[in-house]
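So this one's run38.tsv, TSV, N, CA and C atoms:
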chain	number	residue	atom	x	y	z
A	1	MET	N	0.84	-1.19	0.00
A	1	MET	CA	0.00	0.00	0.00
A	1	MET	C	0.88	1.25	0.00
A	2	GLU	N	0.47	2.22	-0.75
A	2	GLU	CA	1.13	3.52	-0.75
A	2	GLU	C	0.69	4.31	0.48
A	3	ILE	N	1.48	5.30	0.86
A	3	ILE	CA	1.15	6.12	2.03
A	3	ILE	C	-0.18	6.83	1.84
A	4	LEU	N	-0.48	7.30	0.62
A	4	LEU	CA	-1.75	7.97	0.36
A	4	LEU	C	-2.92	7.01	0.58
A	5	ASP	N	-2.76	5.75	0.18
A	5	ASP	CA	-3.82	4.75	0.40
A	5	ASP	C	-4.06	4.56	1.89
A	6	ILE	N	-3.00	4.54	2.67
A	6	ILE	CA	-3.13	4.37	4.13
A	6	ILE	C	-3.84	5.57	4.75
A	7	ILE	N	-3.49	6.77	4.28
A	7	ILE	CA	-4.14	7.98	4.80
A	7	ILE	C	-5.63	7.97	4.45
A	8	ILE	N	-5.96	7.66	3.20
A	8	ILE	CA	-7.36	7.61	2.77
A	8	ILE	C	-8.12	6.56	3.56
A	9	LEU	N	-7.54	5.37	3.71
A	9	LEU	CA	-8.19	4.31	4.47
A	9	LEU	C	-8.34	4.73	5.93
A	10	GLY	N	-7.33	5.37	6.49
A	10	GLY	CA	-7.40	5.81	7.89
A	10	GLY	C	-8.52	6.81	8.12
A	11	ILE	N	-8.68	7.76	7.21
A	11	ILE	CA	-9.76	8.74	7.34
A	11	ILE	C	-11.12	8.05	7.17
A	12	ALA	N	-11.21	7.10	6.25
A	12	ALA	CA	-12.45	6.36	6.06
A	12	ALA	C	-12.80	5.55	7.31
A	13	VAL	N	-11.81	4.92	7.92
A	13	VAL	CA	-12.04	4.16	9.16
A	13	VAL	C	-12.50	5.10	10.26
A	14	PHE	N	-11.87	6.27	10.37
A	14	PHE	CA	-12.29	7.26	11.36
A	14	PHE	C	-13.76	7.61	11.17
A	15	ARG	N	-14.17	7.91	9.94
A	15	ARG	CA	-15.54	8.35	9.69
A	15	ARG	C	-16.55	7.24	9.94
A	16	MET	N	-16.25	6.02	9.48
A	16	MET	CA	-17.19	4.92	9.68
A	16	MET	C	-17.29	4.55	11.16
A	17	THR	N	-16.17	4.59	11.86
A	17	THR	CA	-16.19	4.31	13.30
A	17	THR	C	-17.04	5.34	14.03
A	18	HIS	N	-16.85	6.60	13.70
A	18	HIS	CA	-17.65	7.67	14.32
A	18	HIS	C	-19.13	7.47	14.01
A	19	LEU	N	-19.43	7.10	12.78
A	19	LEU	CA	-20.81	6.85	12.37
A	19	LEU	C	-21.43	5.74	13.21
A	20	ILE	N	-20.71	4.67	13.42
A	20	ILE	CA	-21.23	3.53	14.17
A	20	ILE	C	-21.35	3.83	15.66
A	21	VAL	N	-20.33	4.47	16.25
A	21	VAL	CA	-20.26	4.63	17.70
A	21	VAL	C	-21.00	5.86	18.21
A	22	PHE	N	-20.98	6.97	17.46
A	22	PHE	CA	-21.47	8.23	18.01
A	22	PHE	C	-22.67	8.85	17.31
A	23	ASP	N	-22.80	8.72	16.00
A	23	ASP	CA	-23.78	9.51	15.26
A	23	ASP	C	-25.22	9.10	15.56
A	24	LYS	N	-26.09	10.10	15.61
A	24	LYS	CA	-27.50	9.88	15.93
A	24	LYS	C	-28.20	9.00	14.89
A	25	ILE	N	-27.78	9.11	13.64
A	25	ILE	CA	-28.45	8.37	12.57
A	25	ILE	C	-28.35	6.85	12.76
A	26	THR	N	-27.34	6.37	13.47
A	26	THR	CA	-27.18	4.92	13.70
A	26	THR	C	-27.57	4.52	15.13
A	27	GLU	N	-28.24	5.42	15.84
A	27	GLU	CA	-28.67	5.12	17.21
A	27	GLU	C	-29.55	3.88	17.27
A	28	PHE	N	-30.40	3.69	16.26
A	28	PHE	CA	-31.30	2.53	16.24
A	28	PHE	C	-30.52	1.21	16.17
A	29	LEU	N	-29.31	1.24	15.60
A	29	LEU	CA	-28.49	0.03	15.56
A	29	LEU	C	-27.85	-0.27	16.92
A	30	ARG	N	-27.52	0.78	17.67
A	30	ARG	CA	-26.87	0.61	18.97
A	30	ARG	C	-27.85	0.30	20.09
A	31	SER	N	-29.07	0.82	20.01
A	31	SER	CA	-30.00	0.76	21.13
A	31	SER	C	-30.30	-0.65	21.66
A	32	PRO	N	-30.37	-1.70	20.85
A	32	PRO	CA	-30.65	-3.02	21.42
A	32	PRO	C	-29.53	-3.55	22.34
A	33	PHE	N	-28.38	-2.92	22.31
A	33	PHE	CA	-27.22	-3.42	23.06
A	33	PHE	C	-26.90	-2.60	24.31
A	34	PHE	N	-27.77	-1.60	24.61
A	34	PHE	CA	-27.54	-0.73	25.75
A	34	PHE	C	-28.79	-0.62	26.61
A	35	ASP	N	-28.59	-0.41	27.91
A	35	ASP	CA	-29.66	-0.07	28.84
A	35	ASP	C	-29.54	1.41	29.15
A	36	GLU	N	-30.69	2.08	29.28
A	36	GLU	CA	-30.70	3.49	29.68
A	36	GLU	C	-30.74	3.56	31.20
A	37	VAL	N	-29.81	4.29	31.78
A	37	VAL	CA	-29.72	4.44	33.23
A	37	VAL	C	-29.88	5.92	33.56
A	38	PRO	N	-31.00	6.29	34.21
A	38	PRO	CA	-31.18	7.70	34.58
A	38	PRO	C	-30.41	8.03	35.87
A	39	GLU	N	-29.81	9.21	35.91
A	39	GLU	CA	-29.12	9.69	37.10
A	39	GLU	C	-29.41	11.17	37.26
A	40	MET	N	-29.50	11.62	38.50
A	40	MET	CA	-29.69	13.03	38.79
A	40	MET	C	-28.34	13.72	38.86
A	41	SER	N	-28.20	14.83	38.16
A	41	SER	CA	-26.97	15.60	38.24
A	41	SER	C	-27.01	16.45	39.51
A	42	GLU	N	-25.91	17.11	39.80
A	42	GLU	CA	-25.82	17.94	41.01
A	42	GLU	C	-26.82	19.09	40.99
A	43	ASP	N	-27.19	19.56	39.81
A	43	ASP	CA	-28.14	20.67	39.72
A	43	ASP	C	-29.59	20.20	39.59
A	44	GLY	N	-29.84	18.91	39.84
A	44	GLY	CA	-31.19	18.37	39.87
A	44	GLY	C	-31.79	18.00	38.54
A	45	VAL	N	-30.99	17.97	37.50
A	45	VAL	CA	-31.48	17.61	36.17
A	45	VAL	C	-31.21	16.12	35.95
A	46	GLU	N	-32.25	15.41	35.48
A	46	GLU	CA	-32.09	13.99	35.20
A	46	GLU	C	-31.34	13.81	33.88
A	47	GLU	N	-30.29	13.02	33.92
A	47	GLU	CA	-29.50	12.71	32.73
A	47	GLU	C	-29.61	11.21	32.46
A	48	ILE	N	-29.62	10.85	31.20
A	48	ILE	CA	-29.72	9.44	30.80
A	48	ILE	C	-28.34	8.99	30.30
A	49	PHE	N	-27.85	7.90	30.88
A	49	PHE	CA	-26.59	7.31	30.46
A	49	PHE	C	-26.86	5.97	29.81
A	50	LEU	N	-26.11	5.67	28.77
A	50	LEU	CA	-26.23	4.38	28.10
A	50	LEU	C	-25.15	3.46	28.62
A	51	VAL	N	-25.57	2.30	29.12
A	51	VAL	CA	-24.65	1.32	29.69
A	51	VAL	C	-24.82	0.03	28.91
A	52	PRO	N	-23.70	-0.59	28.47
A	52	PRO	CA	-23.82	-1.85	27.73
A	52	PRO	C	-24.56	-2.90	28.56
A	53	LYS	N	-25.41	-3.67	27.90
A	53	LYS	CA	-26.13	-4.75	28.57
A	53	LYS	C	-25.12	-5.74	29.14
A	54	LYS	N	-25.53	-6.48	30.13
A	54	LYS	CA	-24.64	-7.43	30.80
A	54	LYS	C	-24.73	-8.81	30.15
A	55	GLY	N	-23.58	-9.42	29.91
A	55	GLY	CA	-23.48	-10.80	29.46
A	55	GLY	C	-24.01	-11.06	28.06
A	56	GLY	N	-23.69	-12.24	27.56
A	56	GLY	CA	-24.16	-12.70	26.27
A	56	GLY	C	-23.64	-11.89	25.10
A	57	ILE	N	-24.22	-12.17	23.96
A	57	ILE	CA	-23.79	-11.52	22.74
A	57	ILE	C	-24.17	-10.04	22.74
A	58	LYS	N	-25.34	-9.70	23.32
A	58	LYS	CA	-25.72	-8.29	23.40
A	58	LYS	C	-24.75	-7.50	24.27
A	59	GLY	N	-24.29	-8.11	25.35
A	59	GLY	CA	-23.31	-7.45	26.20
A	59	GLY	C	-21.99	-7.26	25.49
A	60	PHE	N	-21.57	-8.29	24.76
A	60	PHE	CA	-20.31	-8.20	24.01
A	60	PHE	C	-20.38	-7.09	22.96
A	61	ILE	N	-21.47	-7.07	22.19
A	61	ILE	CA	-21.62	-6.05	21.15
A	61	ILE	C	-21.75	-4.66	21.80
A	62	GLY	N	-22.46	-4.58	22.93
A	62	GLY	CA	-22.58	-3.31	23.63
A	62	GLY	C	-21.22	-2.79	24.09
A	63	GLU	N	-20.39	-3.67	24.62
A	63	GLU	CA	-19.03	-3.27	25.02
A	63	GLU	C	-18.22	-2.81	23.80
A	64	LEU	N	-18.35	-3.54	22.71
A	64	LEU	CA	-17.65	-3.18	21.48
A	64	LEU	C	-18.09	-1.81	20.99
A	65	LEU	N	-19.40	-1.56	20.97
A	65	LEU	CA	-19.93	-0.29	20.47
A	65	LEU	C	-19.66	0.88	21.40
A	66	SER	N	-19.35	0.60	22.65
A	66	SER	CA	-19.05	1.70	23.58
A	66	SER	C	-17.57	2.07	23.53
A	67	CYS	N	-16.79	1.35	22.78
A	67	CYS	CA	-15.34	1.59	22.70
A	67	CYS	C	-14.97	1.91	21.25
A	68	TYR	N	-14.70	3.18	20.98
A	68	TYR	CA	-14.38	3.53	19.60
A	68	TYR	C	-13.04	2.95	19.16
A	69	TRP	N	-12.13	2.70	20.10
A	69	TRP	CA	-10.85	2.06	19.74
A	69	TRP	C	-11.11	0.64	19.23
A	70	CYS	N	-11.96	-0.09	19.94
A	70	CYS	CA	-12.28	-1.48	19.56
A	70	CYS	C	-13.03	-1.52	18.23
A	71	THR	N	-14.05	-0.69	18.12
A	71	THR	CA	-14.83	-0.65	16.89
A	71	THR	C	-13.96	-0.26	15.71
A	72	GLY	N	-13.03	0.67	15.93
A	72	GLY	CA	-12.14	1.12	14.87
A	72	GLY	C	-11.29	0.00	14.30
A	73	ILE	N	-10.85	-0.90	15.16
A	73	ILE	CA	-10.05	-2.04	14.67
A	73	ILE	C	-10.89	-2.91	13.74
A	74	TRP	N	-12.13	-3.22	14.15
A	74	TRP	CA	-12.97	-4.08	13.32
A	74	TRP	C	-13.39	-3.38	12.04
A	75	VAL	N	-13.63	-2.08	12.11
A	75	VAL	CA	-13.95	-1.32	10.89
A	75	VAL	C	-12.75	-1.34	9.94
A	76	ALA	N	-11.55	-1.18	10.48
A	76	ALA	CA	-10.34	-1.21	9.65
A	76	ALA	C	-10.19	-2.57	8.97
A	77	VAL	N	-10.40	-3.64	9.71
A	77	VAL	CA	-10.31	-4.99	9.13
A	77	VAL	C	-11.36	-5.15	8.02
A	78	PHE	N	-12.58	-4.68	8.28
A	78	PHE	CA	-13.66	-4.79	7.30
A	78	PHE	C	-13.34	-4.01	6.03
A	79	LEU	N	-12.97	-2.73	6.18
A	79	LEU	CA	-12.71	-1.91	4.99
A	79	LEU	C	-11.46	-2.36	4.24
A	80	TYR	N	-10.40	-2.67	4.96
A	80	TYR	CA	-9.18	-3.11	4.29
A	80	TYR	C	-9.40	-4.46	3.60
A	81	GLY	N	-9.96	-5.41	4.35
A	81	GLY	CA	-10.22	-6.74	3.77
A	81	GLY	C	-11.16	-6.67	2.59
A	82	GLY	N	-12.22	-5.87	2.72
A	82	GLY	CA	-13.15	-5.70	1.61
A	82	GLY	C	-12.49	-5.10	0.40
A	83	ASN	N	-11.59	-4.14	0.63
A	83	ASN	CA	-10.89	-3.50	-0.48
A	83	ASN	C	-9.92	-4.46	-1.16
A	84	VAL	N	-9.33	-5.36	-0.41
A	84	VAL	CA	-8.42	-6.35	-1.00
A	84	VAL	C	-9.21	-7.38	-1.81
A	85	ILE	N	-10.34	-7.82	-1.29
A	85	ILE	CA	-11.11	-8.88	-1.94
A	85	ILE	C	-12.04	-8.35	-3.04
A	86	PHE	N	-12.72	-7.23	-2.76
A	86	PHE	CA	-13.68	-6.65	-3.71
A	86	PHE	C	-13.39	-5.16	-3.93
A	87	PRO	N	-12.25	-4.83	-4.54
A	87	PRO	CA	-11.88	-3.41	-4.67
A	87	PRO	C	-12.89	-2.58	-5.48
A	88	GLN	N	-13.53	-3.17	-6.47
A	88	GLN	CA	-14.49	-2.40	-7.27
A	88	GLN	C	-15.68	-1.95	-6.43
A	89	PHE	N	-16.04	-2.73	-5.43
A	89	PHE	CA	-17.16	-2.39	-4.55
A	89	PHE	C	-16.71	-1.48	-3.41
A	90	PHE	N	-15.59	-1.80	-2.79
A	90	PHE	CA	-15.17	-1.09	-1.58
A	90	PHE	C	-14.46	0.23	-1.85
A	91	PHE	N	-13.79	0.39	-2.98
A	91	PHE	CA	-13.07	1.63	-3.25
A	91	PHE	C	-14.01	2.85	-3.23
A	92	PRO	N	-15.17	2.79	-3.89
A	92	PRO	CA	-16.08	3.95	-3.81
A	92	PRO	C	-16.57	4.22	-2.39
A	93	ILE	N	-16.83	3.17	-1.62
A	93	ILE	CA	-17.29	3.34	-0.24
A	93	ILE	C	-16.20	4.00	0.59
A	94	ILE	N	-14.98	3.52	0.45
A	94	ILE	CA	-13.85	4.09	1.18
A	94	ILE	C	-13.63	5.54	0.78
A	95	THR	N	-13.76	5.83	-0.50
A	95	THR	CA	-13.59	7.20	-0.98
A	95	THR	C	-14.63	8.13	-0.38
A	96	VAL	N	-15.89	7.74	-0.40
A	96	VAL	CA	-16.96	8.56	0.16
A	96	VAL	C	-16.76	8.76	1.66
A	97	LEU	N	-16.41	7.70	2.37
A	97	LEU	CA	-16.16	7.82	3.81
A	97	LEU	C	-14.98	8.74	4.09
A	98	ALA	N	-13.93	8.66	3.28
A	98	ALA	CA	-12.75	9.51	3.48
A	98	ALA	C	-13.09	10.97	3.23
A	99	VAL	N	-13.83	11.24	2.17
A	99	VAL	CA	-14.23	12.62	1.88
A	99	VAL	C	-15.12	13.15	3.02
A	100	ALA	N	-16.06	12.35	3.48
A	100	ALA	CA	-16.92	12.75	4.60
A	100	ALA	C	-16.09	12.94	5.87
A	101	GLY	N	-15.07	12.12	6.06
A	101	GLY	CA	-14.20	12.27	7.23
A	101	GLY	C	-13.42	13.57	7.20
A	102	VAL	N	-12.89	13.92	6.03
A	102	VAL	CA	-12.17	15.20	5.89
A	102	VAL	C	-13.14	16.35	6.15
A	103	ALA	N	-14.35	16.25	5.60
A	103	ALA	CA	-15.35	17.30	5.81
A	103	ALA	C	-15.70	17.44	7.29
A	104	SER	N	-15.83	16.34	8.01
A	104	SER	CA	-16.17	16.42	9.44
A	104	SER	C	-15.02	17.01	10.25
A	105	ILE	N	-13.79	16.69	9.88
A	105	ILE	CA	-12.63	17.27	10.56
A	105	ILE	C	-12.59	18.78	10.31
A	106	LEU	N	-12.81	19.20	9.06
A	106	LEU	CA	-12.83	20.62	8.74
A	106	LEU	C	-13.96	21.34	9.48
A	107	GLU	N	-15.14	20.72	9.53
A	107	GLU	CA	-16.26	21.33	10.24
A	107	GLU	C	-15.97	21.50	11.72
A	108	ALA	N	-15.37	20.49	12.34
A	108	ALA	CA	-15.00	20.59	13.76
A	108	ALA	C	-13.98	21.71	13.97
A	109	ALA	N	-13.04	21.84	13.05
A	109	ALA	CA	-12.03	22.91	13.16
A	109	ALA	C	-12.68	24.28	13.03
A	110	VAL	N	-13.58	24.44	12.06
A	110	VAL	CA	-14.27	25.72	11.87
A	110	VAL	C	-15.10	26.06	13.10
A	111	GLN	N	-15.84	25.08	13.63
A	111	GLN	CA	-16.65	25.32	14.84
A	111	GLN	C	-15.77	25.72	16.02
A	112	SER	N	-14.62	25.10	16.13
A	112	SER	CA	-13.68	25.43	17.21
A	112	SER	C	-13.16	26.86	17.05
A	113	TRP	N	-12.82	27.25	15.84
A	113	TRP	CA	-12.30	28.61	15.58
A	113	TRP	C	-13.38	29.65	15.84
A	114	LEU	N	-14.65	29.33	15.51
A	114	LEU	CA	-15.73	30.28	15.71
A	114	LEU	C	-16.02	30.51	17.19
A	115	ARG	N	-15.75	29.53	18.03
A	115	ARG	CA	-15.99	29.66	19.48
A	115	ARG	C	-14.93	30.50	20.16
A	116	GLU	N	-13.79	30.70	19.54
A	116	GLU	CA	-12.69	31.44	20.18
A	116	GLU	C	-12.95	32.90	20.24
Show me this structure written as structure tokens.
Amino acid sequence: MEILDIIILGIAVFRMTHLIVFDKITEFLRSPFFDEVPEMSEDGVEEIFLVPKKGGIKGFIGELLSCYWCTGIWVAVFLYGGNVIFPQFFFPIITVLAVAGVASILEAAVQSWLRE
């Protein structure tokens, strides 16, 4: 692999991992693997925390989805392996994810600069 390929794949893995672990649009995929735990904050506001379910396959997947480092490894294996086996199918997906990843990094930077 060329260094540019590694950079593109790395940004694509970043974006897909963020999509799976954090983004609201995939919340429906994560919800079966978490329990909602309400807690009162110091100022009396109820906050909801998501805690991975205990035991079994749902617990395992919940733990995986709560760890972006862990999910990132499996996403990297999926995207890299898919690109090696089916490059015609995976290359466009990796490209779109990489472009979206660059856009999200730029957006976060702009938002940070605007807050200063």
If we count only C-alpha atoms, what is near range 80-87 of chain A at a cut-off of 10 Å, once residues fewer than 5 positions away on the same chain are taken out, given as a PDB file with N, CA and C atoms, keeping the file's coordinate frame?
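Result written to out-v7.pdb:
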ATOM      1  N   ILE A   6      -3.000   4.540   2.670  1.00  0.00           N
ATOM      2  CA  ILE A   6      -3.130   4.370   4.130  1.00  0.00           C
ATOM      3  C   ILE A   6      -3.840   5.570   4.750  1.00  0.00           C
ATOM      4  N   LEU A   9      -7.540   5.370   3.710  1.00  0.00           N
ATOM      5  CA  LEU A   9      -8.190   4.310   4.470  1.00  0.00           C
ATOM      6  C   LEU A   9      -8.340   4.730   5.930  1.00  0.00           C
ATOM      7  N   GLY A  10      -7.330   5.370   6.490  1.00  0.00           N
ATOM      8  CA  GLY A  10      -7.400   5.810   7.890  1.00  0.00           C
ATOM      9  C   GLY A  10      -8.520   6.810   8.120  1.00  0.00           C
ATOM     10  N   VAL A  13     -11.810   4.920   7.920  1.00  0.00           N
ATOM     11  CA  VAL A  13     -12.040   4.160   9.160  1.00  0.00           C
ATOM     12  C   VAL A  13     -12.500   5.100  10.260  1.00  0.00           C
ATOM     13  N   TRP A  74     -12.130  -3.220  14.150  1.00  0.00           N
ATOM     14  CA  TRP A  74     -12.970  -4.080  13.320  1.00  0.00           C
ATOM     15  C   TRP A  74     -13.390  -3.380  12.040  1.00  0.00           C
ATOM     16  N   VAL A  75     -13.630  -2.080  12.110  1.00  0.00           N
ATOM     17  CA  VAL A  75     -13.950  -1.320  10.890  1.00  0.00           C
ATOM     18  C   VAL A  75     -12.750  -1.340   9.940  1.00  0.00           C
ATOM     19  N   PRO A  92     -15.170   2.790  -3.890  1.00  0.00           N
ATOM     20  CA  PRO A  92     -16.080   3.950  -3.810  1.00  0.00           C
ATOM     21  C   PRO A  92     -16.570   4.220  -2.390  1.00  0.00           C
ATOM     22  N   ILE A  93     -16.830   3.170  -1.620  1.00  0.00           N
ATOM     23  CA  ILE A  93     -17.290   3.340  -0.240  1.00  0.00           C
ATOM     24  C   ILE A  93     -16.200   4.000   0.590  1.00  0.00           C
ATOM     25  N   ILE A  94     -14.980   3.520   0.450  1.00  0.00           N
ATOM     26  CA  ILE A  94     -13.850   4.090   1.180  1.00  0.00           C
ATOM     27  C   ILE A  94     -13.630   5.540   0.780  1.00  0.00           C
TER      28      ILE A  94
END
Query raised in the report: Among range 40-110 of chain A, which ones does DSSP place in strand (DSSP E), written as a ChimeraX atom specification?
Result: /A:40,46-52
Query - Nearest-residue call for Ile20 in chain A, choices A:Leu65, A:Val102, A:Ile73, A:Val96, using all atoms listed in the file - result: A:Leu65
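The coordinates place CA of Leu97 in chain A at 6.6 Å from CA of Met16 in chain A.
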**Report entry** A:Cys67, A:Ala12, A:Val45, A:Ala76 ranked by distance to Ile105 in chain A, top pick (using only C-alpha atoms)
**Finding:**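 Selected residue with least distance to Ile105 in chain A: A:Ala12.
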